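See below for protein_8.pdb, which holds PDB, C-alpha atoms and all ligand atoms.
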```pdb
ATOM      1  CA  MET A   1     147.183 -12.187-111.792  1.00  0.00           C
ATOM      2  CA  SER A   2     147.106 -13.520-115.360  1.00  0.00           C
ATOM      3  CA  ALA A   3     143.978 -13.256-117.507  1.00  0.00           C
ATOM      4  CA  LEU A   4     143.546 -17.011-117.308  1.00  0.00           C
ATOM      5  CA  SER A   5     143.864 -17.148-113.510  1.00  0.00           C
ATOM      6  CA  GLU A   6     141.317 -14.310-113.248  1.00  0.00           C
ATOM      7  CA  LEU A   7     138.951 -16.204-115.523  1.00  0.00           C
ATOM      8  CA  ASN A   8     139.421 -19.463-113.651  1.00  0.00           C
ATOM      9  CA  LYS A   9     138.600 -17.655-110.405  1.00  0.00           C
ATOM     10  CA  GLU A  10     135.346 -16.446-111.962  1.00  0.00           C
ATOM     11  CA  ILE A  11     134.578 -19.986-113.097  1.00  0.00           C
ATOM     12  CA  ALA A  12     135.213 -21.345-109.607  1.00  0.00           C
ATOM     13  CA  HIS A  13     132.591 -18.957-108.205  1.00  0.00           C
ATOM     14  CA  CYS A  14     130.007 -19.549-110.930  1.00  0.00           C
ATOM     15  CA  GLN A  15     126.557 -20.490-109.614  1.00  0.00           C
ATOM     16  CA  ARG A  16     124.613 -20.468-112.887  1.00  0.00           C
ATOM     17  CA  CYS A  17     123.615 -24.124-112.621  1.00  0.00           C
ATOM     18  CA  GLU A  18     121.872 -26.029-109.871  1.00  0.00           C
ATOM     19  CA  ILE A  19     124.745 -28.560-109.866  1.00  0.00           C
ATOM     20  CA  ALA A  20     127.095 -25.880-108.520  1.00  0.00           C
ATOM     21  CA  LYS A  21     125.448 -26.400-105.113  1.00  0.00           C
ATOM     22  CA  HIS A  22     126.562 -30.019-105.019  1.00  0.00           C
ATOM     23  CA  ARG A  23     130.147 -29.777-106.157  1.00  0.00           C
ATOM     24  CA  ILE A  24     133.202 -29.960-103.922  1.00  0.00           C
ATOM     25  CA  LYS A  25     135.322 -28.008-106.380  1.00  0.00           C
ATOM     26  CA  ALA A  26     134.767 -26.455-109.780  1.00  0.00           C
ATOM     27  CA  VAL A  27     137.243 -27.700-112.365  1.00  0.00           C
ATOM     28  CA  PRO A  28     138.136 -24.791-114.662  1.00  0.00           C
ATOM     29  CA  GLY A  29     141.069 -26.471-116.420  1.00  0.00           C
ATOM     30  CA  GLU A  30     144.841 -26.376-116.241  1.00  0.00           C
ATOM     31  CA  GLY A  31     147.919 -25.808-118.324  1.00  0.00           C
ATOM     32  CA  PRO A  32     150.022 -22.935-119.611  1.00  0.00           C
ATOM     33  CA  GLU A  33     148.339 -19.768-120.838  1.00  0.00           C
ATOM     34  CA  ASP A  34     150.381 -19.993-124.044  1.00  0.00           C
ATOM     35  CA  ALA A  35     149.687 -23.690-124.707  1.00  0.00           C
ATOM     36  CA  GLU A  36     149.743 -24.564-128.404  1.00  0.00           C
ATOM     37  CA  ILE A  37     147.250 -27.370-128.015  1.00  0.00           C
ATOM     38  CA  MET A  38     144.062 -27.700-125.954  1.00  0.00           C
ATOM     39  CA  PHE A  39     142.362 -30.979-125.046  1.00  0.00           C
ATOM     40  CA  ILE A  40     138.680 -30.570-124.233  1.00  0.00           C
ATOM     41  CA  GLY A  41     136.795 -33.351-122.478  1.00  0.00           C
ATOM     42  CA  GLU A  42     133.234 -33.665-121.295  1.00  0.00           C
ATOM     43  CA  ALA A  43     132.790 -32.949-117.592  1.00  0.00           C
ATOM     44  CA  PRO A  44     134.656 -33.504-114.334  1.00  0.00           C
ATOM     45  CA  GLY A  45     134.153 -36.855-112.642  1.00  0.00           C
ATOM     46  CA  TRP A  46     134.461 -37.807-108.965  1.00  0.00           C
ATOM     47  CA  HIS A  47     138.256 -37.478-108.763  1.00  0.00           C
ATOM     48  CA  GLU A  48     138.258 -34.154-110.598  1.00  0.00           C
ATOM     49  CA  ASP A  49     135.539 -32.776-108.306  1.00  0.00           C
ATOM     50  CA  GLN A  50     137.599 -33.734-105.263  1.00  0.00           C
ATOM     51  CA  GLN A  51     140.786 -32.103-106.535  1.00  0.00           C
ATOM     52  CA  GLY A  52     139.517 -29.236-108.708  1.00  0.00           C
ATOM     53  CA  ARG A  53     141.771 -30.501-111.526  1.00  0.00           C
ATOM     54  CA  PRO A  54     140.766 -31.969-114.907  1.00  0.00           C
ATOM     55  CA  PHE A  55     141.489 -35.554-115.932  1.00  0.00           C
ATOM     56  CA  VAL A  56     143.116 -36.817-112.744  1.00  0.00           C
ATOM     57  CA  GLY A  57     141.188 -40.104-112.402  1.00  0.00           C
ATOM     58  CA  PRO A  58     141.599 -43.292-114.475  1.00  0.00           C
ATOM     59  CA  ALA A  59     140.653 -41.514-117.743  1.00  0.00           C
ATOM     60  CA  GLY A  60     143.242 -38.867-116.886  1.00  0.00           C
ATOM     61  CA  GLN A  61     145.963 -41.439-116.299  1.00  0.00           C
ATOM     62  CA  PHE A  62     145.183 -42.904-119.691  1.00  0.00           C
ATOM     63  CA  LEU A  63     145.273 -39.417-121.233  1.00  0.00           C
ATOM     64  CA  ASP A  64     148.712 -38.895-119.623  1.00  0.00           C
ATOM     65  CA  GLN A  65     149.906 -42.156-121.225  1.00  0.00           C
ATOM     66  CA  LEU A  66     148.523 -41.128-124.596  1.00  0.00           C
ATOM     67  CA  LEU A  67     150.279 -37.757-124.335  1.00  0.00           C
ATOM     68  CA  ALA A  68     153.528 -39.472-123.325  1.00  0.00           C
ATOM     69  CA  SER A  69     153.251 -41.738-126.384  1.00  0.00           C
ATOM     70  CA  ILE A  70     153.812 -38.664-128.565  1.00  0.00           C
ATOM     71  CA  GLY A  71     156.353 -37.009-126.289  1.00  0.00           C
ATOM     72  CA  LEU A  72     153.956 -34.526-124.672  1.00  0.00           C
ATOM     73  CA  LYS A  73     153.572 -33.893-120.952  1.00  0.00           C
ATOM     74  CA  ARG A  74     150.352 -32.621-119.471  1.00  0.00           C
ATOM     75  CA  GLU A  75     152.240 -29.572-118.156  1.00  0.00           C
ATOM     76  CA  HIS A  76     152.748 -28.483-121.767  1.00  0.00           C
ATOM     77  CA  VAL A  77     149.143 -28.689-122.931  1.00  0.00           C
ATOM     78  CA  TYR A  78     145.909 -27.073-121.765  1.00  0.00           C
ATOM     79  CA  ILE A  79     143.294 -29.514-120.501  1.00  0.00           C
ATOM     80  CA  THR A  80     139.706 -28.573-119.783  1.00  0.00           C
ATOM     81  CA  ASN A  81     136.128 -29.728-120.206  1.00  0.00           C
ATOM     82  CA  VAL A  82     132.931 -28.548-121.869  1.00  0.00           C
ATOM     83  CA  ILE A  83     131.378 -28.125-118.429  1.00  0.00           C
ATOM     84  CA  LYS A  84     133.329 -27.203-115.333  1.00  0.00           C
ATOM     85  CA  THR A  85     131.229 -28.833-112.605  1.00  0.00           C
ATOM     86  CA  ARG A  86     130.692 -32.552-112.023  1.00  0.00           C
ATOM     87  CA  PRO A  87     127.145 -33.644-112.881  1.00  0.00           C
ATOM     88  CA  PRO A  88     125.781 -35.665-109.937  1.00  0.00           C
ATOM     89  CA  GLY A  89     126.255 -39.410-110.371  1.00  0.00           C
ATOM     90  CA  ASN A  90     128.401 -38.657-113.433  1.00  0.00           C
ATOM     91  CA  ARG A  91     125.296 -38.297-115.592  1.00  0.00           C
ATOM     92  CA  ASP A  92     125.633 -36.698-119.026  1.00  0.00           C
ATOM     93  CA  PRO A  93     125.762 -32.894-119.072  1.00  0.00           C
ATOM     94  CA  LEU A  94     122.381 -31.227-119.737  1.00  0.00           C
ATOM     95  CA  PRO A  95     121.973 -28.827-122.680  1.00  0.00           C
ATOM     96  CA  ILE A  96     121.381 -25.929-120.249  1.00  0.00           C
ATOM     97  CA  GLU A  97     124.609 -26.763-118.390  1.00  0.00           C
ATOM     98  CA  ILE A  98     126.533 -26.813-121.663  1.00  0.00           C
ATOM     99  CA  ARG A  99     125.010 -23.454-122.634  1.00  0.00           C
ATOM    100  CA  ASN A 100     125.740 -21.914-119.234  1.00  0.00           C
ATOM    101  CA  CYS A 101     129.362 -23.036-119.432  1.00  0.00           C
ATOM    102  CA  GLU A 102     129.908 -22.055-123.056  1.00  0.00           C
ATOM    103  CA  GLU A 103     131.101 -18.573-122.186  1.00  0.00           C
ATOM    104  CA  TRP A 104     133.855 -19.988-119.970  1.00  0.00           C
ATOM    105  CA  LEU A 105     135.192 -22.317-122.635  1.00  0.00           C
ATOM    106  CA  GLU A 106     135.084 -19.605-125.272  1.00  0.00           C
ATOM    107  CA  ARG A 107     136.951 -17.164-123.064  1.00  0.00           C
ATOM    108  CA  GLN A 108     139.567 -19.820-122.271  1.00  0.00           C
ATOM    109  CA  ILE A 109     140.104 -20.410-125.986  1.00  0.00           C
ATOM    110  CA  GLU A 110     140.309 -16.654-126.618  1.00  0.00           C
ATOM    111  CA  ILE A 111     142.997 -16.193-123.961  1.00  0.00           C
ATOM    112  CA  ILE A 112     145.033 -19.292-124.806  1.00  0.00           C
ATOM    113  CA  CYS A 113     144.738 -18.864-128.570  1.00  0.00           C
ATOM    114  CA  PRO A 114     145.744 -22.466-129.289  1.00  0.00           C
ATOM    115  CA  LYS A 115     146.992 -23.628-132.670  1.00  0.00           C
ATOM    116  CA  MET A 116     145.122 -26.896-132.259  1.00  0.00           C
ATOM    117  CA  ILE A 117     141.975 -27.962-130.374  1.00  0.00           C
ATOM    118  CA  VAL A 118     141.386 -31.646-129.687  1.00  0.00           C
ATOM    119  CA  SER A 119     137.877 -32.687-128.712  1.00  0.00           C
ATOM    120  CA  LEU A 120     137.650 -35.748-126.480  1.00  0.00           C
ATOM    121  CA  GLY A 121     134.311 -37.499-126.747  1.00  0.00           C
ATOM    122  CA  ARG A 122     130.887 -36.662-128.128  1.00  0.00           C
ATOM    123  CA  TYR A 123     130.006 -33.574-126.097  1.00  0.00           C
ATOM    124  CA  SER A 124     133.162 -31.748-126.971  1.00  0.00           C
ATOM    125  CA  MET A 125     132.936 -32.913-130.590  1.00  0.00           C
ATOM    126  CA  ALA A 126     129.383 -31.526-130.799  1.00  0.00           C
ATOM    127  CA  LYS A 127     130.712 -28.039-130.118  1.00  0.00           C
ATOM    128  CA  PHE A 128     133.437 -28.070-132.751  1.00  0.00           C
ATOM    129  CA  PHE A 129     131.970 -30.488-135.312  1.00  0.00           C
ATOM    130  CA  PRO A 130     128.203 -29.961-134.989  1.00  0.00           C
ATOM    131  CA  GLY A 131     126.017 -32.641-136.518  1.00  0.00           C
ATOM    132  CA  LYS A 132     128.876 -35.126-136.995  1.00  0.00           C
ATOM    133  CA  SER A 133     129.202 -38.629-135.636  1.00  0.00           C
ATOM    134  CA  ILE A 134     132.272 -39.524-133.612  1.00  0.00           C
ATOM    135  CA  SER A 135     132.620 -42.962-135.167  1.00  0.00           C
ATOM    136  CA  LYS A 136     132.923 -41.272-138.570  1.00  0.00           C
ATOM    137  CA  ILE A 137     135.126 -38.286-137.814  1.00  0.00           C
ATOM    138  CA  HIS A 138     137.492 -39.423-135.069  1.00  0.00           C
ATOM    139  CA  GLY A 139     141.058 -39.035-136.274  1.00  0.00           C
ATOM    140  CA  THR A 140     140.149 -36.338-138.786  1.00  0.00           C
ATOM    141  CA  ALA A 141     140.850 -32.634-138.642  1.00  0.00           C
ATOM    142  CA  GLN A 142     139.395 -29.392-139.924  1.00  0.00           C
ATOM    143  CA  LYS A 143     141.213 -26.114-140.286  1.00  0.00           C
ATOM    144  CA  ARG A 144     139.119 -23.043-139.492  1.00  0.00           C
ATOM    145  CA  ASP A 145     140.148 -19.514-138.553  1.00  0.00           C
ATOM    146  CA  ASN A 146     143.754 -20.577-138.266  1.00  0.00           C
ATOM    147  CA  ILE A 147     143.048 -23.326-135.741  1.00  0.00           C
ATOM    148  CA  ILE A 148     143.192 -27.040-136.448  1.00  0.00           C
ATOM    149  CA  TYR A 149     140.251 -28.880-134.841  1.00  0.00           C
ATOM    150  CA  TYR A 150     140.707 -32.596-134.294  1.00  0.00           C
ATOM    151  CA  ALA A 151     138.200 -35.121-132.958  1.00  0.00           C
ATOM    152  CA  MET A 152     139.073 -38.108-130.780  1.00  0.00           C
ATOM    153  CA  TYR A 153     137.150 -40.643-128.737  1.00  0.00           C
ATOM    154  CA  HIS A 154     136.891 -39.995-125.023  1.00  0.00           C
ATOM    155  CA  PRO A 155     139.717 -41.724-123.090  1.00  0.00           C
ATOM    156  CA  ALA A 156     137.196 -43.119-120.561  1.00  0.00           C
ATOM    157  CA  ALA A 157     135.294 -44.864-123.361  1.00  0.00           C
ATOM    158  CA  ALA A 158     138.493 -46.108-124.976  1.00  0.00           C
ATOM    159  CA  LEU A 159     140.050 -47.337-121.728  1.00  0.00           C
ATOM    160  CA  HIS A 160     138.152 -50.616-121.544  1.00  0.00           C
ATOM    161  CA  GLN A 161     137.083 -51.222-125.144  1.00  0.00           C
ATOM    162  CA  GLN A 162     139.875 -52.725-127.181  1.00  0.00           C
ATOM    163  CA  SER A 163     138.717 -51.431-130.573  1.00  0.00           C
ATOM    164  CA  LEU A 164     138.267 -47.863-129.324  1.00  0.00           C
ATOM    165  CA  ARG A 165     141.557 -48.086-127.480  1.00  0.00           C
ATOM    166  CA  GLN A 166     143.410 -48.936-130.672  1.00  0.00           C
ATOM    167  CA  ALA A 167     141.563 -46.125-132.449  1.00  0.00           C
ATOM    168  CA  ILE A 168     142.411 -43.496-129.814  1.00  0.00           C
ATOM    169  CA  GLU A 169     146.056 -44.605-129.735  1.00  0.00           C
ATOM    170  CA  ALA A 170     146.275 -44.369-133.525  1.00  0.00           C
ATOM    171  CA  ASP A 171     144.475 -41.005-133.555  1.00  0.00           C
ATOM    172  CA  MET A 172     146.910 -39.674-130.949  1.00  0.00           C
ATOM    173  CA  ARG A 173     149.846 -40.628-133.166  1.00  0.00           C
ATOM    174  CA  LYS A 174     148.573 -38.257-135.873  1.00  0.00           C
ATOM    175  CA  ILE A 175     148.766 -35.230-133.560  1.00  0.00           C
ATOM    176  CA  PRO A 176     152.487 -34.345-133.918  1.00  0.00           C
ATOM    177  CA  ALA A 177     152.212 -33.925-137.705  1.00  0.00           C
ATOM    178  CA  LEU A 178     149.023 -31.891-137.373  1.00  0.00           C
ATOM    179  CA  LEU A 179     150.522 -29.719-134.663  1.00  0.00           C
ATOM    180  CA  ALA A 180     153.601 -29.088-136.792  1.00  0.00           C
ATOM    181  CA  GLU A 181     151.277 -28.133-139.647  1.00  0.00           C
ATOM    182  CA  ALA A 182     149.291 -25.850-137.313  1.00  0.00           C
ATOM    183  CA  LYS A 183     152.464 -24.146-136.114  1.00  0.00           C
ATOM    184  CA  SER A 184     153.623 -23.501-139.658  1.00  0.00           C
ATOM    185  CA  MET A 185     150.360 -21.818-140.663  1.00  0.00           C
ATOM    186  CA  PRO A 186     150.646 -18.085-141.309  1.00  0.00           C
ATOM    187  CA  GLU A 187     148.814 -15.891-138.798  1.00  0.00           C
ATOM    188  CA  THR A 188     146.145 -14.915-141.300  1.00  0.00           C
ATOM    189  CA  GLU A 189     145.021 -17.005-144.170  1.00  0.00           C
ATOM    190  CA  PRO A 190     142.797 -15.891-147.044  1.00  0.00           C
ATOM    191  CA  GLU A 191     141.390 -19.296-148.088  1.00  0.00           C
ATOM    192  CA  PRO A 192     140.424 -22.402-146.094  1.00  0.00           C
ATOM    193  CA  GLN A 193     142.744 -25.293-146.958  1.00  0.00           C
ATOM    194  CA  GLN A 194     142.458 -29.036-147.139  1.00  0.00           C
ATOM    195  CA  LEU A 195     145.243 -31.230-145.805  1.00  0.00           C
ATOM    196  CA  SER A 196     145.699 -34.934-146.330  1.00  0.00           C
ATOM    197  CA  MET A 197     144.451 -35.938-142.877  1.00  0.00           C
ATOM    198  CA  PHE A 198     141.545 -33.567-143.102  1.00  0.00           C
ATOM    199  CA  GLU A 199     137.969 -34.579-143.647  1.00  0.00           C
ATOM    200  CA  ASP A 200     135.847 -33.174-146.497  1.00  0.00           C
TER
HETATM  201  N1  LIG A 301     136.264 -37.113-118.002  1.00  0.00           N
HETATM  202  C1  LIG A 301     136.173 -35.883-118.556  1.00  0.00           C
HETATM  203  O1  LIG A 301     135.541 -35.678-119.582  1.00  0.00           O
HETATM  204  N2  LIG A 301     136.818 -34.909-117.962  1.00  0.00           N
HETATM  205  C2  LIG A 301     137.550 -35.066-116.861  1.00  0.00           C
HETATM  206  O2  LIG A 301     138.113 -34.084-116.394  1.00  0.00           O
HETATM  207  C3  LIG A 301     137.635 -36.360-116.315  1.00  0.00           C
HETATM  208  C4  LIG A 301     136.976 -37.371-116.890  1.00  0.00           C
END
```

In structure tokens, what does this structure look like?
Amino acid sequence: MSALSELNKEIAHCQRCEIAKHRIKAVPGEGPEDAEIMFIGEAPGWHEDQQGRPFVGPAGQFLDQLLASIGLKREHVYITNVIKTRPPGNRDPLPIEIRNCEEWLERQIEIICPKMIVSLGRYSMAKFFPGKSISKIHGTAQKRDNIIYYAMYHPAAALHQQSLRQAIEADMRKIPALLAEAKSMPETEPEPQQLSMFED
């Protein structure tokens, strides 16, 4: 069994949080172990809890469309969430739940070693761009430790709000150039670099 499948099995059995008692299925994430790009959302919703797969409800269909708009299929990217269990009633994740799940996300990133990490929504942004505001930094990227981090609105928020929808569609269109840049980066880099689409 691959390292990622082993890890996802551990995640599926995790009982660190009270909410584990109420889930139908844990939702570790899915995609190839050697994916170049990871999309990280907030938490599973009702559909994801039923199926044990990330982003399979309406927000997921929109994410699929956004990926298709830049020639990507979900089979080619890794998709996961900050927390792996659906919070009851789709409430926001609690700080303790985010902390309990942090190890899983970090181990997923370590195994996959993506060139680019895309945060979807505020909770995921908070991990990779602490202290920032999504309305200010969406569509901007930072390069750290040879990974390009890129912040986007959450597809569920953008689905029904025209202004956010245009923003998320435009932000998605910047990904191919950033990914090409990420792929051309040397394995080790002495100095942090600024690129045109990158924030200060
Ligand atoms: N919203 C998320 O943040 N993640 C999912 O998997 C589905 C909806």

Closest contacts (chain A/ligand LIG 301 (chain A), max 7 Å, all atoms listed in the file) as CSV:
```
residue,atom,partner,partner_atom,distance
A:Gly41,CA,A:LIG301,O1,3.9
A:Glu42,CA,A:LIG301,O1,3.5
A:Ala43,CA,A:LIG301,O1,4.4
A:Pro44,CA,A:LIG301,O2,4.1
A:Gly45,CA,A:LIG301,C3,5.1
A:Glu48,CA,A:LIG301,O2,5.8
A:Pro54,CA,A:LIG301,O2,3.7
A:Phe55,CA,A:LIG301,O2,3.7
A:Val56,CA,A:LIG301,C3,6.6
A:Gly57,CA,A:LIG301,C3,6.5
A:Ala59,CA,A:LIG301,C4,5.6
A:Gly60,CA,A:LIG301,C3,6.2
A:Thr80,CA,A:LIG301,O2,6.7
A:Asn81,CA,A:LIG301,N2,5.7
A:Ala156,CA,A:LIG301,N1,6.6
```

Mind telling me what the PyMOL selection byres (((chain A and resi 141) around 6) and not hetatm) catches here, as a count of residues only?
5

Counting only C-alpha atoms, give me one row per residue of range 86-112 of chain A with an atom at most 10 Å from an atom of range 10-13 of chain A, showing the shortest contact pair and its distance in Å to one decimal, sorted by chain then residue number, as a Markdown table.
```
| residue | atom | partner | partner_atom | distance |
| --- | --- | --- | --- | --- |
| A:Cys101 | CA | A:Ile11 | CA | 8.8 |
| A:Glu103 | CA | A:Ile11 | CA | 9.8 |
| A:Trp104 | CA | A:Ile11 | CA | 6.9 |
| A:Leu105 | CA | A:Ile11 | CA | 9.8 |
```

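Taking all atoms listed in the file into account, Ile96 in chain A lies nearest to A:Ile83 out of the set A:Leu63, A:Ile83, A:Ile134, A:Met116.
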
Target residues per the PyMOL selection byres (((chain A and resi 5) around 12) and not hetatm), formatted as a PyMOL selection string:
chain A and resi 1-4+6-12+28-33+107-108+111-112

Applied to this file, what does the PyMOL selection byres (((chain A and resi 155) around 8) and not hetatm) return in terms of residues, put as a VMD selection string?
chain A and resid 59 to 60 62 to 63 120 to 121 153 to 154 156 to 159 165 168
